[in-house]
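Structure file start26.txt (compact mmCIF, C-alpha atoms) follows.
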```txt
# COMPACT_ATOMS: atom_id res chain seq x y z
CA MET A 54 13.68 6.03 -0.12
CA SER A 55 10.50 4.33 0.83
CA ILE A 56 10.10 0.74 -0.14
CA ASN A 57 6.52 -0.35 -0.62
CA HIS A 58 6.85 -3.94 -1.70
CA HIS A 59 8.69 -6.35 0.57
CA LEU A 60 9.78 -9.96 0.66
CA ASP A 61 7.29 -12.67 1.48
CA ASP A 62 7.73 -14.22 4.95
CA ALA A 63 8.30 -17.61 3.34
CA THR A 64 11.28 -16.16 1.45
CA ILE A 65 12.58 -14.42 4.58
CA LEU A 66 12.42 -17.64 6.58
CA SER A 67 14.26 -19.66 3.94
CA TYR A 68 16.90 -16.97 3.52
CA ALA A 69 17.54 -16.97 7.26
CA ALA A 70 17.65 -20.75 7.31
CA GLY A 71 20.20 -20.74 4.50
CA SER A 72 18.00 -22.78 2.20
CA LEU A 73 17.22 -20.43 -0.67
CA PRO A 74 18.65 -21.35 -4.07
CA HIS A 75 21.70 -19.24 -4.86
CA ALA A 76 19.97 -16.99 -7.43
CA PHE A 77 17.30 -16.02 -4.87
CA GLU A 78 19.85 -15.57 -2.13
CA VAL A 79 21.77 -13.02 -4.21
CA LEU A 80 18.61 -11.07 -4.96
CA VAL A 81 17.43 -11.12 -1.35
CA ALA A 82 20.85 -9.92 -0.19
CA CYS A 83 20.61 -6.99 -2.62
CA HIS A 84 17.16 -6.05 -1.35
CA LEU A 85 18.31 -6.31 2.28
CA ARG A 86 21.05 -3.85 1.50
CA GLN A 87 18.31 -1.28 1.10
CA CYS A 88 15.46 -2.49 3.28
CA GLN A 89 15.62 -2.19 7.05
CA HIS A 90 12.13 -3.62 7.37
CA CYS A 91 13.15 -6.92 5.78
CA ARG A 92 16.47 -6.99 7.65
CA GLN A 93 14.52 -6.87 10.91
CA ARG A 94 12.29 -9.67 9.68
CA VAL A 95 15.35 -11.79 8.82
CA ALA A 96 16.65 -11.15 12.34
CA GLU A 97 13.37 -12.54 13.69
CA ALA A 98 13.75 -15.66 11.58
CA GLU A 99 17.33 -16.03 12.80
CA LEU A 100 16.16 -15.67 16.38
CA LEU A 101 13.73 -18.45 15.64
CA GLY A 102 16.58 -20.49 14.12
CA GLY A 103 18.59 -20.07 17.31
CA MET A 104 15.60 -21.12 19.42
CA LEU A 105 15.01 -24.18 17.27
CA LEU A 106 18.71 -24.96 17.66
CA GLU A 107 18.36 -24.79 21.43
CA ALA A 108 15.27 -26.95 21.35
CA LEU A 109 17.05 -29.74 19.45
CA GLU A 110 17.92 -33.02 21.06
CA PRO A 111 21.64 -32.86 21.87
CA LEU A 112 23.75 -35.28 19.87
CA PRO A 113 27.06 -35.94 21.63
CA LEU A 114 30.15 -35.48 19.48
CA ARG A 115 31.92 -38.73 18.73
CA ASP A 116 35.37 -37.35 18.19
CA GLU A 117 37.27 -37.44 21.47
CA ALA A 118 39.51 -34.61 20.39
CA SER A 119 36.45 -32.45 20.33
CA GLN A 120 36.29 -32.09 24.09
CA PRO A 121 36.39 -28.38 24.81
CA ALA A 122 39.43 -28.64 27.09
CA LEU A 123 41.41 -30.39 24.39
CA LEU A 124 40.09 -28.08 21.73
CA LEU A 125 41.46 -25.14 23.66
CA ALA A 126 44.66 -26.84 24.80
CA ASP A 127 46.75 -25.16 22.15
CA MET A 128 44.88 -21.93 22.15
CA PRO A 129 46.30 -18.85 23.77
CA ASP A 130 44.16 -17.23 26.38
CA MET A 131 41.51 -15.08 24.94
CA PRO A 132 42.54 -11.47 24.97
CA ALA A 133 40.58 -9.45 27.45
CA THR A 134 37.82 -7.33 25.99
CA VAL A 135 39.06 -5.88 22.75
CA ASP A 136 38.20 -2.36 21.87
CA ILE A 137 36.59 -2.38 18.51
CA PRO A 138 36.28 0.95 16.78
CA ASP A 139 32.72 1.81 15.86
CA SER A 140 33.57 1.86 12.21
CA ALA A 141 34.47 -1.81 12.29
CA LEU A 142 30.98 -2.64 13.44
CA SER A 143 29.18 -0.37 11.05
CA VAL A 144 26.81 -1.64 8.49
CA VAL A 145 26.96 -0.45 4.96
CA ASP A 146 23.60 0.46 3.63
CA ILE A 147 23.46 1.59 0.06
CA ASP A 148 20.35 3.46 -0.81
CA TRP A 149 19.85 3.14 -4.53
CA ALA A 150 17.00 5.46 -5.17
CA SER A 151 18.36 8.42 -3.31
CA GLY A 152 21.89 7.55 -4.25
CA ALA A 153 22.91 8.02 -0.67
CA THR A 154 25.48 5.75 0.83
CA THR A 155 24.91 5.69 4.52
CA LEU A 156 26.56 3.93 7.32
CA ALA A 157 24.24 2.68 9.95
CA ALA A 158 26.26 2.52 13.08
CA THR A 159 26.00 0.06 15.87
CA GLY A 160 27.51 2.61 18.19
CA ALA A 161 26.09 5.99 18.93
CA ASP A 162 27.91 7.90 16.24
CA VAL A 163 29.90 7.21 13.16
CA ALA A 164 32.76 9.52 12.45
CA GLN A 165 33.67 8.82 8.85
CA PRO A 166 31.87 6.90 6.22
CA GLY A 167 34.98 5.31 4.78
CA LEU A 168 34.83 5.70 1.04
CA HIS A 169 37.20 3.95 -1.23
CA PRO A 170 39.48 6.63 -2.66
CA ILE A 171 39.21 5.43 -6.24
CA ASN A 172 35.76 4.23 -7.08
CA GLY A 173 33.76 5.78 -4.29
CA LEU A 174 32.61 2.38 -3.18
CA PRO A 175 32.24 2.30 0.54
CA GLU A 176 34.88 0.26 2.19
CA LEU A 177 33.06 -2.70 3.49
CA PRO A 178 33.76 -4.04 6.91
CA ASP A 179 35.49 -7.25 7.71
CA SER A 180 35.65 -10.46 5.82
CA PRO A 181 33.32 -13.20 7.02
CA HIS A 182 36.17 -14.82 8.88
CA GLN A 183 36.75 -11.75 10.94
CA GLN A 184 33.07 -11.41 11.73
CA PRO A 185 31.77 -14.90 11.22
CA TRP A 186 28.23 -14.07 12.37
CA ARG A 187 27.78 -11.71 9.44
CA ARG A 188 26.53 -13.09 6.22
CA SER A 189 28.47 -12.25 3.11
CA LEU A 190 28.04 -13.05 -0.50
CA ILE A 191 30.00 -12.46 -3.64
CA LEU A 192 27.88 -10.68 -6.23
CA PRO A 193 28.05 -11.64 -9.89
CA GLU A 194 30.43 -9.24 -11.60
CA PRO A 195 27.95 -7.25 -13.75
CA LEU A 196 25.75 -6.64 -10.73
CA GLU A 197 28.71 -5.49 -8.72
CA LEU A 198 29.69 -3.17 -11.57
CA LEU A 199 26.23 -1.67 -11.56
CA TYR A 200 26.42 -0.99 -7.85
CA GLN A 201 29.89 0.47 -8.17
CA SER A 202 29.09 2.73 -11.05
CA HIS A 203 25.96 3.84 -9.27
CA CYS A 204 27.89 4.75 -6.16
CA TYR A 205 30.40 6.60 -8.23
CA GLU A 206 27.77 8.55 -10.11
CA SER A 207 25.78 9.33 -7.00
CA SER A 208 28.85 10.76 -5.32
CA LYS A 209 28.95 13.25 -8.17
CA GLY A 210 25.31 14.09 -7.74
CA HIS A 211 23.77 12.02 -10.51
CA ASP A 212 20.82 9.89 -9.81
CA THR A 213 20.71 7.26 -12.48
CA ILE A 214 22.75 4.19 -13.10
CA SER A 215 25.00 4.95 -16.01
CA GLY A 216 27.13 1.84 -15.64
CA HIS A 217 24.44 -0.19 -17.34
CA GLU A 218 25.45 1.25 -20.70
CA ALA A 219 28.75 -0.57 -20.45
CA LEU A 220 27.23 -3.99 -19.80
CA PRO A 221 27.03 -6.58 -22.61
CA TRP A 222 23.23 -6.59 -22.89
CA LYS A 223 21.61 -9.00 -25.30
CA ARG A 224 18.43 -8.10 -27.13
CA LEU A 225 15.52 -10.40 -26.33
CA VAL A 226 12.69 -8.71 -28.22
CA PRO A 227 12.35 -5.09 -29.27
CA GLY A 228 12.51 -2.93 -26.13
CA ILE A 229 13.75 -5.68 -23.85
CA GLN A 230 17.37 -6.57 -23.21
CA HIS A 231 18.74 -9.05 -20.77
CA LEU A 232 21.97 -10.22 -19.25
CA PRO A 233 22.10 -13.69 -17.70
CA LEU A 234 24.20 -13.83 -14.55
CA GLU A 235 26.10 -16.73 -13.10
CA SER A 236 24.38 -18.58 -10.33
CA SER A 237 24.90 -22.05 -9.00
CA GLU A 238 21.20 -22.80 -8.45
CA GLY A 239 18.24 -21.15 -10.18
CA ASN A 240 18.30 -18.54 -12.93
CA LEU A 241 19.49 -15.04 -12.27
CA ARG A 242 19.41 -12.29 -14.85
CA LEU A 243 19.30 -8.57 -15.32
CA LEU A 244 16.52 -7.16 -17.47
CA LYS A 245 16.47 -3.76 -19.09
CA ILE A 246 13.08 -2.75 -20.37
CA ALA A 247 12.42 0.42 -22.32
CA PRO A 248 9.71 2.77 -21.03
CA GLY A 249 6.16 1.95 -22.08
CA ILE A 250 6.80 -1.71 -22.82
CA SER A 251 4.28 -4.29 -21.80
CA ILE A 252 5.53 -7.74 -20.92
CA PRO A 253 3.07 -10.38 -22.11
CA LEU A 254 0.70 -11.82 -19.54
CA HIS A 255 2.41 -14.70 -17.85
CA SER A 256 2.33 -16.85 -14.77
CA HIS A 257 5.04 -18.92 -13.21
CA GLU A 258 5.78 -22.59 -12.86
CA GLY A 259 7.97 -21.90 -9.88
CA SER A 260 8.87 -18.84 -7.87
CA GLU A 261 9.93 -15.52 -9.32
CA LEU A 262 11.62 -12.73 -7.42
CA THR A 263 12.13 -9.34 -9.04
CA LEU A 264 14.11 -6.47 -7.57
CA ILE A 265 13.80 -3.08 -9.23
CA LEU A 266 17.17 -1.37 -9.52
CA GLN A 267 16.12 1.61 -11.59
CA GLY A 268 12.95 2.96 -13.16
CA SER A 269 9.57 1.51 -12.40
CA TYR A 270 6.72 -0.63 -13.65
CA CYS A 271 3.06 -1.18 -12.89
CA ASP A 272 1.06 -4.34 -12.86
CA GLU A 273 -2.02 -5.81 -11.20
CA LEU A 274 -0.22 -5.69 -7.86
CA GLY A 275 0.72 -2.04 -7.93
CA ARG A 276 3.59 0.23 -8.84
CA PHE A 277 7.11 -1.07 -8.32
CA GLN A 278 10.00 1.36 -7.98
CA ALA A 279 13.70 1.15 -7.19
CA GLY A 280 14.23 -0.95 -4.08
CA ASP A 281 10.85 -2.69 -4.31
CA VAL A 282 10.74 -6.41 -4.65
CA ALA A 283 8.00 -8.47 -6.28
CA ASP A 284 7.87 -11.86 -4.59
CA LEU A 285 5.58 -13.97 -6.74
CA ASP A 286 4.67 -17.58 -6.94
CA CYS A 287 2.81 -19.72 -9.40
CA ASP A 288 -0.62 -18.45 -8.39
CA THR A 289 0.18 -14.98 -9.67
CA GLU A 290 -0.59 -13.95 -13.19
CA HIS A 291 0.61 -10.52 -14.15
CA GLN A 292 1.32 -8.20 -17.03
CA PRO A 293 3.88 -5.56 -16.06
CA ILE A 294 4.13 -2.31 -18.01
CA THR A 295 7.15 -0.07 -17.56
CA ASP A 296 6.31 3.57 -16.91
CA GLY A 297 8.32 6.75 -16.49
CA ASN A 298 10.85 7.84 -19.04
CA GLU A 299 13.95 5.89 -18.19
CA PRO A 300 14.51 2.20 -18.80
CA CYS A 301 13.49 -0.12 -16.02
CA ILE A 302 16.39 -2.25 -14.86
CA CYS A 303 15.59 -5.18 -12.66
CA LEU A 304 17.20 -8.25 -11.26
CA VAL A 305 15.10 -11.37 -11.72
CA ALA A 306 15.54 -14.74 -10.03
CA THR A 307 13.47 -17.72 -11.14
CA ASP A 308 13.60 -21.42 -10.50
CA ALA A 309 11.49 -22.51 -13.46
CA PRO A 310 10.63 -21.10 -16.88
CA LEU A 311 7.80 -18.57 -17.04
CA ARG A 312 4.51 -19.66 -18.59
CA PHE A 313 3.21 -17.24 -21.15
CA ASN A 314 -0.49 -17.30 -21.88
CA ASP A 315 -0.43 -16.08 -25.44
CA LEU A 316 0.73 -18.14 -28.31
CA LEU A 317 3.33 -15.74 -29.62
CA PRO A 318 5.41 -15.39 -26.48
CA ARG A 319 5.26 -19.15 -26.03
CA MET A 320 6.69 -19.56 -29.50
CA LEU A 321 9.42 -17.12 -28.58
CA GLN A 322 10.27 -19.02 -25.46
CA PRO A 323 13.00 -21.19 -26.96
CA PHE A 324 14.78 -18.03 -28.08
CA THR A 325 14.23 -15.84 -25.08
CA GLY A 326 15.06 -18.50 -22.56
CA PHE A 327 12.18 -17.55 -20.29
CA MET B 840 14.81 -11.21 45.74
CA TYR B 841 17.64 -12.82 43.86
CA LYS B 842 16.68 -15.67 41.61
CA GLU B 843 19.14 -18.24 40.28
CA PRO B 844 19.27 -18.03 36.51
CA ASP B 845 17.41 -20.81 34.81
CA PRO B 846 20.16 -22.88 33.20
CA GLN B 847 17.83 -23.62 30.28
CA GLY B 848 16.86 -20.00 29.75
CA THR B 849 17.95 -17.89 26.84
CA GLN B 850 18.91 -15.02 29.13
CA TYR B 851 21.28 -17.27 31.00
CA TRP B 852 23.25 -18.15 27.88
CA ASN B 853 23.28 -14.56 26.68
CA GLN B 854 24.90 -13.55 29.95
CA CYS B 855 27.24 -16.51 29.83
CA LEU B 856 28.50 -15.51 26.38
CA MET B 857 28.83 -11.85 27.33
CA GLN B 858 30.84 -12.83 30.37
CA LEU B 859 32.96 -15.21 28.36
CA GLY B 860 33.77 -12.34 26.03
CA GLN B 861 34.84 -10.15 28.90
CA THR B 862 36.85 -12.70 30.86
CA GLY B 863 38.00 -15.46 28.51
CA ASP B 864 37.16 -17.89 31.27
CA ARG B 865 37.81 -21.47 30.11
CA GLN B 866 35.32 -22.95 32.58
CA LEU B 867 32.61 -20.75 31.25
CA TYR B 868 33.56 -21.76 27.75
CA GLN B 869 33.25 -25.43 28.68
CA GLN B 870 29.81 -24.83 30.07
CA PHE B 871 28.74 -23.03 26.91
CA TYR B 872 30.31 -25.75 24.82
CA HIS B 873 28.59 -28.59 26.64
CA HIS B 874 25.24 -26.95 26.14
CA PHE B 875 25.54 -25.89 22.52
CA ALA B 876 28.00 -28.19 20.75
CA PRO B 877 25.77 -31.29 20.87
CA ARG B 878 22.79 -29.24 19.65
CA LEU B 879 24.83 -27.74 16.85
CA ASN B 880 25.88 -31.26 16.03
CA SER B 881 22.23 -32.35 15.70
CA TRP B 882 21.44 -29.42 13.47
CA LEU B 883 24.52 -29.75 11.27
CA LEU B 884 24.08 -33.49 10.90
CA SER B 885 20.54 -33.02 9.59
CA GLN B 886 21.83 -30.34 7.21
CA THR B 887 24.91 -32.12 5.92
CA ARG B 888 23.97 -35.78 6.47
CA ASP B 889 27.67 -36.28 7.00
CA PRO B 890 28.67 -36.97 10.63
CA ILE B 891 32.34 -36.08 10.07
CA LEU B 892 31.62 -32.84 8.27
CA ALA B 893 28.98 -31.99 10.90
CA GLU B 894 31.50 -32.38 13.72
CA GLU B 895 34.09 -30.34 11.84
CA LEU B 896 31.60 -27.52 11.42
CA VAL B 897 30.71 -27.76 15.11
CA GLN B 898 34.41 -27.35 15.96
CA ASP B 899 34.81 -24.43 13.59
CA THR B 900 31.74 -22.76 15.08
CA MET B 901 32.90 -23.32 18.64
CA MET B 902 36.39 -22.03 17.81
CA ALA B 903 34.80 -18.89 16.41
CA VAL B 904 32.95 -18.53 19.72
CA TRP B 905 36.25 -18.67 21.62
CA ARG B 906 37.95 -16.18 19.36
CA LYS B 907 35.07 -13.76 18.83
CA ALA B 908 33.09 -13.86 22.07
CA ALA B 909 34.43 -10.40 22.94
CA GLN B 910 32.48 -9.01 20.02
CA TYR B 911 29.17 -10.56 21.05
CA ASP B 912 26.60 -8.01 22.11
CA ALA B 913 23.58 -9.28 23.99
CA ALA B 914 21.66 -6.12 23.08
CA LYS B 915 21.79 -7.11 19.41
CA ALA B 916 21.16 -10.83 19.39
CA ALA B 917 20.49 -13.79 21.63
CA ALA B 918 23.49 -16.08 22.09
CA SER B 919 21.69 -18.86 20.25
CA THR B 920 20.91 -16.51 17.35
CA TRP B 921 24.55 -15.47 17.16
CA LEU B 922 25.64 -19.08 17.20
CA PHE B 923 23.01 -20.04 14.63
CA ARG B 924 24.29 -17.31 12.30
CA ILE B 925 27.91 -18.44 12.60
CA ALA B 926 27.07 -22.09 12.04
CA ARG B 927 24.75 -21.32 9.13
CA ASN B 928 27.35 -19.09 7.45
CA LEU B 929 30.03 -21.73 7.85
CA TYR B 930 27.67 -24.35 6.48
CA ILE B 931 26.77 -22.20 3.45
CA ASP B 932 30.45 -21.40 2.85
CA GLN B 933 31.22 -25.07 2.98
CA MET B 934 28.47 -25.96 0.51
CA ARG B 935 29.38 -23.20 -1.88
CA ARG B 936 33.15 -23.45 -1.66
CA ALA B 937 33.35 -25.56 -4.77
CA GLN B 938 30.88 -23.41 -6.66
CA VAL B 939 31.83 -19.86 -5.91
CA ARG B 940 34.80 -18.34 -7.63
CA GLU B 941 37.01 -15.87 -5.90
CA ARG B 942 35.89 -12.86 -7.85
CA GLY B 943 34.95 -9.48 -6.64
CA LYS B 944 35.06 -8.57 -3.02
CA ALA B 945 31.57 -7.37 -2.45
CA LYS B 946 30.38 -8.27 0.96
CA LEU B 947 26.80 -7.80 1.84
CA VAL B 948 26.33 -7.28 5.48
CA GLU B 949 23.28 -6.55 7.47
CA ASP B 950 23.45 -6.13 11.16
CA ASP B 951 21.55 -3.04 12.18
CA THR B 952 18.79 -5.10 13.66
CA HIS B 953 18.02 -5.16 17.31
CA PHE B 954 16.99 -7.82 19.70
CA ASP B 955 14.19 -7.19 22.12
CA ASP B 956 15.60 -8.25 25.40
CA GLN B 957 12.54 -10.19 26.32
CA PRO B 958 12.59 -13.54 27.96
CA ALA B 959 12.10 -15.71 24.92
CA ASP B 960 12.93 -19.29 25.49
CA ALA B 961 13.45 -22.45 23.58
CA SER B 962 10.83 -24.46 25.45
CA ARG B 963 8.09 -22.12 24.24
CA VAL B 964 9.28 -22.54 20.67
CA ARG B 965 9.39 -26.29 21.13
CA GLN B 966 5.80 -26.21 22.36
CA ALA B 967 4.75 -23.92 19.50
CA MET B 968 6.34 -26.31 17.02
CA ARG B 969 4.32 -29.16 18.56
CA ASP B 970 1.16 -27.11 18.23
CA LEU B 971 1.65 -26.48 14.51
CA PRO B 972 -0.42 -28.46 12.02
CA VAL B 973 1.68 -31.31 10.62
CA GLN B 974 2.21 -29.74 7.21
CA GLN B 975 3.40 -26.44 8.69
CA ALA B 976 5.79 -28.19 11.06
CA GLN B 977 7.17 -30.23 8.19
CA VAL B 978 7.89 -27.27 5.92
CA VAL B 979 9.61 -25.42 8.78
CA TYR B 980 11.66 -28.49 9.58
CA LYS B 981 12.69 -29.00 5.99
CA SER B 982 13.69 -25.34 5.65
CA TYR B 983 15.65 -24.99 8.87
CA PHE B 984 17.03 -28.46 9.29
CA GLU B 985 17.37 -29.95 5.84
CA GLY B 986 18.28 -26.87 3.83
CA LYS B 987 15.52 -27.56 1.29
CA SER B 988 14.25 -24.87 -1.06
CA HIS B 989 10.52 -24.21 -1.53
CA GLN B 990 10.50 -26.11 -4.80
CA GLU B 991 12.34 -29.09 -3.34
CA ILE B 992 9.86 -29.24 -0.46
CA ALA B 993 6.92 -29.05 -2.90
CA ASN B 994 8.35 -31.94 -4.92
CA GLU B 995 9.10 -34.03 -1.87
CA MET B 996 5.76 -33.55 -0.16
CA GLU B 997 3.84 -33.58 -3.44
CA ILE B 998 1.99 -30.39 -2.64
CA PRO B 999 1.73 -27.21 -4.74
CA LEU B 1000 4.48 -24.62 -4.38
CA GLY B 1001 1.86 -22.12 -3.24
CA SER B 1002 0.96 -24.37 -0.29
CA VAL B 1003 4.60 -24.64 0.76
CA LYS B 1004 4.85 -20.88 0.85
CA SER B 1005 1.59 -20.25 2.64
CA SER B 1006 2.40 -22.97 5.20
CA LEU B 1007 5.80 -21.40 5.84
CA ARG B 1008 4.23 -17.97 6.12
CA LEU B 1009 1.63 -19.12 8.64
CA ALA B 1010 4.13 -21.15 10.66
CA PHE B 1011 6.58 -18.25 10.77
CA GLN B 1012 3.90 -15.92 12.04
CA LYS B 1013 2.73 -18.37 14.72
CA LEU B 1014 6.26 -19.14 15.88
CA CYS B 1015 7.08 -15.44 16.08
CA LYS B 1016 4.02 -14.98 18.23
CA ALA B 1017 5.25 -17.75 20.52
CA LEU B 1018 8.57 -15.90 20.80
CA ARG B 1019 6.87 -12.67 21.77
CA PRO B 1020 3.63 -13.47 23.50
```
Will you turn the file into structure tokens for me?
Amino acid sequence: MSINHHLDDATILSYAAGSLPHAFEVLVACHLRQCQHCRQRVAEAELLGGMLLEALEPLPLRDEASQPALLLADMPDMPATVDIPDSALSVVDIDWASGATTLAATGADVAQPGLHPINGLPELPDSPHQQPWRRSLILPEPLELLYQSHCYESSKGHDTISGHEALPWKRLVPGIQHLPLESSEGNLRLLKIAPGISIPLHSHEGSELTLILQGSYCDELGRFQAGDVADLDCDTEHQPITDGNEPCICLVATDAPLRFNDLLPRMLQPFTGF
Amino acid sequence: MYKEPDPQGTQYWNQCLMQLGQTGDRQLYQQFYHHFAPRLNSWLLSQTRDPILAEELVQDTMMAVWRKAAQYDAAKAAASTWLFRIARNLYIDQMRRAQVRERGKAKLVEDDTHFDDQPADASRVRQAMRDLPVQQAQVVYKSYFEGKSHQEIANEMEIPLGSVKSSLRLAFQKLCKALRP
């Protein structure tokens, strides 16, 4: 899969710093699952974070018990170099558009992409406590279901997400359904837009991040397909139109309501929640 | 000709952590601790604004270093990057603990990135930060050290959201350049 639209550097930096609102963080994590380019960019921002950390003025710890010798007093000696199997250090990379689930190895070769026997979901590596330098995030349930069903379908050679049929979509306006997802900061929702639908011209009070999960749309900025992310801020005015012949499913994170330019959508706003 | 490692240099700490992972040497650990724990403490205090919580997170991070140093790989990340990731993840976990329900087990991991083993060092970044225009330095500071979102920064500094983003973008690009001249 080739991804043509990437995250803005400002978003990358804030994600690396840990300061994105939760809704955006979830969406960015989903995009990173597919996008090596943005993963590398995040690594740069983390390198910068480490350098800034080193450049900080040291602030001595006040707690006396925090002296390293005391901290380690009760600790057993560290085991000599542990052999870690390659698979434990592998990275799961789920490629939505091609349906391929690949394991990018840290070592030279990966023997077995460990697939879960029941749902075909790749067995993910360790919990954050086992590998504390890895970032992990719990996905909202419907989103996780979409990923799971997609993996399952793709293992049988299908290319589309069928799991979306099972989700409790709510109709917004004819041709557009949505499903609000839980998020502790910001708004996160799934949108399902029938082919050929035009979303009224709107701009944004705050930021809007859109990740295409299936299908595609076009707007003033280009064509957006599965894996692409549209990272917009308030200066952007756009009117997306879905193309192709399958519904366009996307994940949308916003931190403020959208501003519609026409009267009708604005009147609909109280009902649609945008 | 052999050159003593610069004790302030990034390479030095990368080697120190690698060696710690191989040997479990407590002296080496102390050295690493004395360098990084007080800096972590600065960072975590500005993030949490809670001196007790900050010190707890420093301890947790440093314990993780002791237990996991064997898995550190200098070819993949600088020691300070590795440490930054651990501390940031612990900080985020801490902040979200109350909010996130134990549902689903999806873990999103990303670690296929590589680290160019170039001599990047903190003093160059410090200088590059000093060279940034005030507004750019402020937005970087608020993102990395205060955990503020773009919108929060815009509100606080009373500038448009678009300016926050473009300042961050420019600063990021300049700082990256300072890392890899």
- Point-to-point distance in Å for CA of Leu80 (chain A) and CA of Leu274 (chain A):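 About the pair CA of Leu274 (chain A) and CA of Leu80 (chain A): they are 19.8 Å apart.
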- Neighbour list for Tyr68 (chain A) as a VMD selection string, cut-off 12 Å, only C-alpha atoms, skip fewer than 6 positions in-chain: (chain A and resid 60 to 62 74 to 82 84 to 85 91 to 92 94 to 99 102 188) or (chain B and resid 924 927 to 928 931 982 to 983 986 to 989)
- Task: Take CA of Ala908 (chain B) and CA of Gln93 (chain A) and report the distance between them in Å, one decimal.
- Result: 22.8 Å
- Tell me the residues of chain A close to chain B, meaning within 6 Å using all atoms listed in the file, as a ChimeraX atom specification. /A:62-63,67,70,72-73,93,99-100,103-104,107-109,111-113,121,131,133-134,185-186,188-191
Got time to write the residues from that selection, C-alpha atoms, as a PDB file, in the frame of the given file?
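Okay, result.pdb is ready:
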```pdb
ATOM      1  CA  ASP A  62       7.730 -14.220   4.950  1.00  0.00           C
ATOM      2  CA  ALA A  63       8.300 -17.610   3.340  1.00  0.00           C
ATOM      3  CA  SER A  67      14.260 -19.660   3.940  1.00  0.00           C
ATOM      4  CA  ALA A  70      17.650 -20.750   7.310  1.00  0.00           C
ATOM      5  CA  SER A  72      18.000 -22.780   2.200  1.00  0.00           C
ATOM      6  CA  LEU A  73      17.220 -20.430  -0.670  1.00  0.00           C
ATOM      7  CA  GLN A  93      14.520  -6.870  10.910  1.00  0.00           C
ATOM      8  CA  GLU A  99      17.330 -16.030  12.800  1.00  0.00           C
ATOM      9  CA  LEU A 100      16.160 -15.670  16.380  1.00  0.00           C
ATOM     10  CA  GLY A 103      18.590 -20.070  17.310  1.00  0.00           C
ATOM     11  CA  MET A 104      15.600 -21.120  19.420  1.00  0.00           C
ATOM     12  CA  GLU A 107      18.360 -24.790  21.430  1.00  0.00           C
ATOM     13  CA  ALA A 108      15.270 -26.950  21.350  1.00  0.00           C
ATOM     14  CA  LEU A 109      17.050 -29.740  19.450  1.00  0.00           C
ATOM     15  CA  PRO A 111      21.640 -32.860  21.870  1.00  0.00           C
ATOM     16  CA  LEU A 112      23.750 -35.280  19.870  1.00  0.00           C
ATOM     17  CA  PRO A 113      27.060 -35.940  21.630  1.00  0.00           C
ATOM     18  CA  PRO A 121      36.390 -28.380  24.810  1.00  0.00           C
ATOM     19  CA  MET A 131      41.510 -15.080  24.940  1.00  0.00           C
ATOM     20  CA  ALA A 133      40.580  -9.450  27.450  1.00  0.00           C
ATOM     21  CA  THR A 134      37.820  -7.330  25.990  1.00  0.00           C
ATOM     22  CA  PRO A 185      31.770 -14.900  11.220  1.00  0.00           C
ATOM     23  CA  TRP A 186      28.230 -14.070  12.370  1.00  0.00           C
ATOM     24  CA  ARG A 188      26.530 -13.090   6.220  1.00  0.00           C
ATOM     25  CA  SER A 189      28.470 -12.250   3.110  1.00  0.00           C
ATOM     26  CA  LEU A 190      28.040 -13.050  -0.500  1.00  0.00           C
ATOM     27  CA  ILE A 191      30.000 -12.460  -3.640  1.00  0.00           C
TER      28      ILE A 191
END
```
- Message: As an exercise, work out the distance from CA of Asp912 (chain B) to CA of His90 (chain A) in Å and give it to one decimal place.
- Response: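 Atom-to-atom, CA of Asp912 (chain B) and CA of His90 (chain A) are spaced 21.1 Å apart.
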- Message: So that I can check the surroundings of Pro300 (chain A), please list as JSON, numbers by chain every protein, DNA and RNA residue that reaches within 6 Å of it, counting all atoms listed in the file and ignoring chain neighbours fewer than 5 positions away.
- Response: {"A": [246, 247, 248, 268]}
